[in-house]
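S.K.: Sharing a structure below in structure tokens format, with a few things to ask.
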Amino acid sequence: MFVNHPPGRALVDVLAGEVRNPPPVWLMRQAGRYLPEYRKARAEAGSFLDLCYRPDLAAEVTLQPIRRFDLDAAILFSDILVIPHALGRSVRFLVGEGPQLDPIGPEEVAALEVERTVERLQPVLETVARVREQLPQEKTLIGFCGAPWTVATYMIAGHGTTDQAPARLAAARDPDFVAALIERLVDASAAYLVGQLEAGADVVQIFDSWAGVLDEDGFRRWCLEPTAAIVAKVRTAVPGARIIGFAKGIGLRLGAYAAETGVDAVGLDWTVPLDYARTELQPKVAVQGNLDPLLLVAGGDGLDRAVDRILEALAGGRFIFNLGHGIVPETPIENVARLVARIRKG
Ligand code: CP3
């Protein structure tokens, strides 16, 4: 499959090397609990995974933020943990407690059903196709997966942790176990991203939310190399595929991540200095970010000033406006509208 994008999707154009000022804008976790219409669809679906696997409801939820705000892109509504689920692991989302998985051990890796992943994720691919059909022509559709390390941290611990100690300890004690798990996640994730691109996604993003806890060796082995492998596999199947990498908390290692993974853009969390992004990263790749999501909760002049600083520093180069991490449920809806209006004003 060759990628031949219709012209005029600003976000795709920036990934292809163009500069847009004002820049395109979308927000990580833009569909979610801060929207009453999301909470309604969520209640109708019953469980969170049922929502992810119901193409009618998932497509509706994907489009909700686009109806409310003048955003450039919709992001597929799903979750990074559908991959372990499709691999045959038990995954549950308990209200108020976050995800719960049965922790995986070394002896269980061989049984992961990599070859069945895409087949089991057909409902999600159906959502992609439905959204692309309903989305206005000029808007970009973003697909995504979790990066192998971040997905592995949940599979090994069985739940979210603050420091990913269970996965780091597993990597220290039994690196062959973690390597075998990561290898399977690379294959499953690449096949899943190819499926999303073939179903109609214009761009895909790889979320490595927990890359920041790794030491130098671990960063290379569990973040850089697996991400580069996914990018290469996806581009073998879909030449020219546009890919954004968001590795949170990696600081100065963003330079190596931008240079060695092959992604078209790097996501910046809110701790990344804007001067560093402008001088060290933007010459190599597009950058995306990096407003602190809590500034969006607070709103007011502080929000306006932070937005202006980001635009001043980055809008002269290849840039996509976003938050530095996902939008939080406490975010007032009017602050999101205010943010988008301010960016559009240029
Ligand atoms: O709007 C979008 O961005 C698309 C949908 C999306 C969700 N999760 C929906 C979701 C995306 C892109 C994700 C990615 C995701 N999921 C990540 C990477 C990005 C990040 O935030 O770091 C991670 C680590 C997960 C795993 C996950 N899913 C956790 C830890 C939780 C519980 C915490 C929470 O926010 O509740 C989820 C659940 C989840 N995924 C919700 C949503 C809207 C909330 C669940 C609910 O509605 O009950």
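Letters A, B, ... mark the chains of the structure tokens in the order given; residue numbers begin at 1 per chain; ligand numbers begin at 1, in order shown.
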Grab me every residue within 7 Å of ligand 1, counting only C-alpha atoms and all ligand atoms, and send it over as a ChimeraX atom specification.

M.R.: /A:28-33,42,48,62,75-81,93,95-96,98-99,144,146,150,160,207-209,325-326

S.K.: What's around Gly324 of chain A at 7 Å? Count only C-alpha atoms, leave out sequence neighbours fewer than 2 positions away in its own chain, and write the answer as a ChimeraX atom specification.

M.R.: /A:268-270,289-293,322

S.K.: Store the residues picked out above in a file with N, CA and C atoms, as a PDB file, in the first residue's frame.

M.R.:
```pdb
ATOM      1  N   LEU A 268       6.798  16.259  22.770  1.00  0.00           N
ATOM      2  CA  LEU A 268       7.573  16.848  23.870  1.00  0.00           C
ATOM      3  C   LEU A 268       6.689  16.926  25.097  1.00  0.00           C
ATOM      4  N   ASP A 269       7.160  16.390  26.238  1.00  0.00           N
ATOM      5  CA  ASP A 269       6.393  16.616  27.459  1.00  0.00           C
ATOM      6  C   ASP A 269       6.671  18.040  27.938  1.00  0.00           C
ATOM      7  N   TRP A 270       5.972  18.483  28.980  1.00  0.00           N
ATOM      8  CA  TRP A 270       6.029  19.905  29.348  1.00  0.00           C
ATOM      9  C   TRP A 270       7.337  20.306  30.012  1.00  0.00           C
ATOM     10  N   GLY A 289       3.851  19.463  20.919  1.00  0.00           N
ATOM     11  CA  GLY A 289       3.705  19.639  22.359  1.00  0.00           C
ATOM     12  C   GLY A 289       3.382  21.082  22.670  1.00  0.00           C
ATOM     13  N   ASN A 290       3.752  21.457  23.836  1.00  0.00           N
ATOM     14  CA  ASN A 290       4.114  20.749  25.056  1.00  0.00           C
ATOM     15  C   ASN A 290       3.558  21.462  26.271  1.00  0.00           C
ATOM     16  N   LEU A 291       2.316  21.989  26.129  1.00  0.00           N
ATOM     17  CA  LEU A 291       1.683  22.727  27.224  1.00  0.00           C
ATOM     18  C   LEU A 291       1.401  21.786  28.405  1.00  0.00           C
ATOM     19  N   ASP A 292       1.744  22.234  29.604  1.00  0.00           N
ATOM     20  CA  ASP A 292       1.432  21.462  30.811  1.00  0.00           C
ATOM     21  C   ASP A 292      -0.104  21.332  30.928  1.00  0.00           C
ATOM     22  N   PRO A 293      -0.631  20.103  30.974  1.00  0.00           N
ATOM     23  CA  PRO A 293      -2.089  19.920  31.037  1.00  0.00           C
ATOM     24  C   PRO A 293      -2.731  20.636  32.226  1.00  0.00           C
ATOM     25  N   ASN A 322       0.185  20.779  20.932  1.00  0.00           N
ATOM     26  CA  ASN A 322      -0.458  19.733  21.721  1.00  0.00           C
ATOM     27  C   ASN A 322      -0.148  20.011  23.193  1.00  0.00           C
TER      28      ASN A 322
END
```

S.K.: Which residue, A:Thr153, A:Gln282, A:Thr162, A:Gln205, has the smallest gap to Phe319 of chain A when you use only C-alpha atoms?

M.R.: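 Going through A:Thr153, A:Gln282, A:Thr162, A:Gln205 one by one, the smallest distance to Phe319 of chain A is for A:Gln282.
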
S.K.: Give me, as JSON, numbers by chain, all polymer residues having an atom no more than 12 Å from Gly218 of chain A, counting only C-alpha atoms and skipping those fewer than 5 positions away in the same chain.

M.R.: {"A": [149, 167, 168, 169, 170, 171, 172, 175, 178, 179, 210, 211, 212, 213, 223, 224, 225, 226, 250]}

S.K.: Taking the DSSP secondary structure from the backbone, can you list the residues of segment 37-244 of chain A that are alpha helix (DSSP H), as number ranges by chain?

M.R.: A: 37-45, 48-52, 55-68, 82-86, 117-120, 122-134, 148-157, 165-173, 175-199, 216-218, 225-237

S.K.: Counting only C-alpha atoms, which of A:Leu71, A:Ala58, A:Ala228, A:Val272 gets nearest to Glu260 of chain A?

M.R.: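 The answer is A:Ala228, which sits nearest to Glu260 of chain A.
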
S.K.: How far is it from atom CA of Asp70 of chain A to atom CA of Ala337 of chain A, in Å with one decimal?

M.R.: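 Pair atom CA of Asp70 of chain A / atom CA of Ala337 of chain A returns 8.1 Å.
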
S.K.: Taking only C-alpha atoms into account, which of A:Leu63, A:Leu254, A:Ala315, A:Ile320 comes nearest Ala10 of chain A?

M.R.: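 Checking each of A:Leu63, A:Leu254, A:Ala315, A:Ile320 against Ala10 of chain A, counting only C-alpha atoms, the winner is A:Ile320.
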
S.K.: If I take atom CA of Pro329 of chain A and atom CA of Gly299 of chain A, how far is one from the other in Å, to one decimal?

M.R.: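 The value is 14.3 Å.
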
S.K.: Please provide the set of residues having any atom within 9 Å of segment 108-124 of chain A, restricted to only C-alpha atoms, with same-chain residues fewer than 4 positions apart removed, written as a PyMOL selection string.

M.R.: chain A and resi 52-55+58+76-78+82-89+104+128-129+177+180-181+184-185+187-189+191-192+195-196

S.K.: Limited to C-alpha atoms, could you put the picked residues into a file as a tab-separated table (two decimals), in the first residue's frame?

M.R.:
```tsv
chain	number	residue	atom	x	y	z
A	52	CYS	CA	-13.25	0.30	22.67
A	53	TYR	CA	-14.74	-2.71	20.81
A	54	ARG	CA	-18.06	-1.11	19.75
A	55	PRO	CA	-17.30	0.63	16.42
A	58	ALA	CA	-16.03	4.33	19.62
A	76	LEU	CA	-8.89	6.97	17.30
A	77	PHE	CA	-10.72	6.09	20.51
A	78	SER	CA	-9.18	2.93	21.93
A	82	VAL	CA	-6.03	-3.64	23.75
A	83	ILE	CA	-2.75	-5.19	22.54
A	84	PRO	CA	-2.19	-7.38	25.62
A	85	HIS	CA	-5.90	-8.21	25.49
A	86	ALA	CA	-5.63	-9.28	21.83
A	87	LEU	CA	-2.53	-11.31	22.71
A	88	GLY	CA	-4.73	-13.39	25.00
A	89	ARG	CA	-4.07	-11.74	28.39
A	104	ILE	CA	2.84	-12.12	33.00
A	128	VAL	CA	-10.95	3.66	12.04
A	129	ALA	CA	-12.79	3.11	8.75
A	177	PHE	CA	12.29	-12.58	29.53
A	180	ALA	CA	11.21	-11.98	24.42
A	181	LEU	CA	8.14	-10.05	25.59
A	184	ARG	CA	6.39	-10.04	20.53
A	185	LEU	CA	5.02	-6.60	21.32
A	187	ASP	CA	5.52	-7.65	16.00
A	188	ALA	CA	1.95	-7.28	17.29
A	189	SER	CA	2.15	-3.46	17.45
A	191	ALA	CA	0.91	-5.33	12.46
A	192	TYR	CA	-1.76	-3.38	14.35
A	195	GLY	CA	-3.95	-2.43	9.97
A	196	GLN	CA	-4.91	1.06	11.16
```

S.K.: Can you list, as a PyMOL selection string, every residue of segment 183-285 of chain A that DSSP puts in strand (DSSP E or B)?

M.R.: chain A and resi 203-208+242-247+265-267
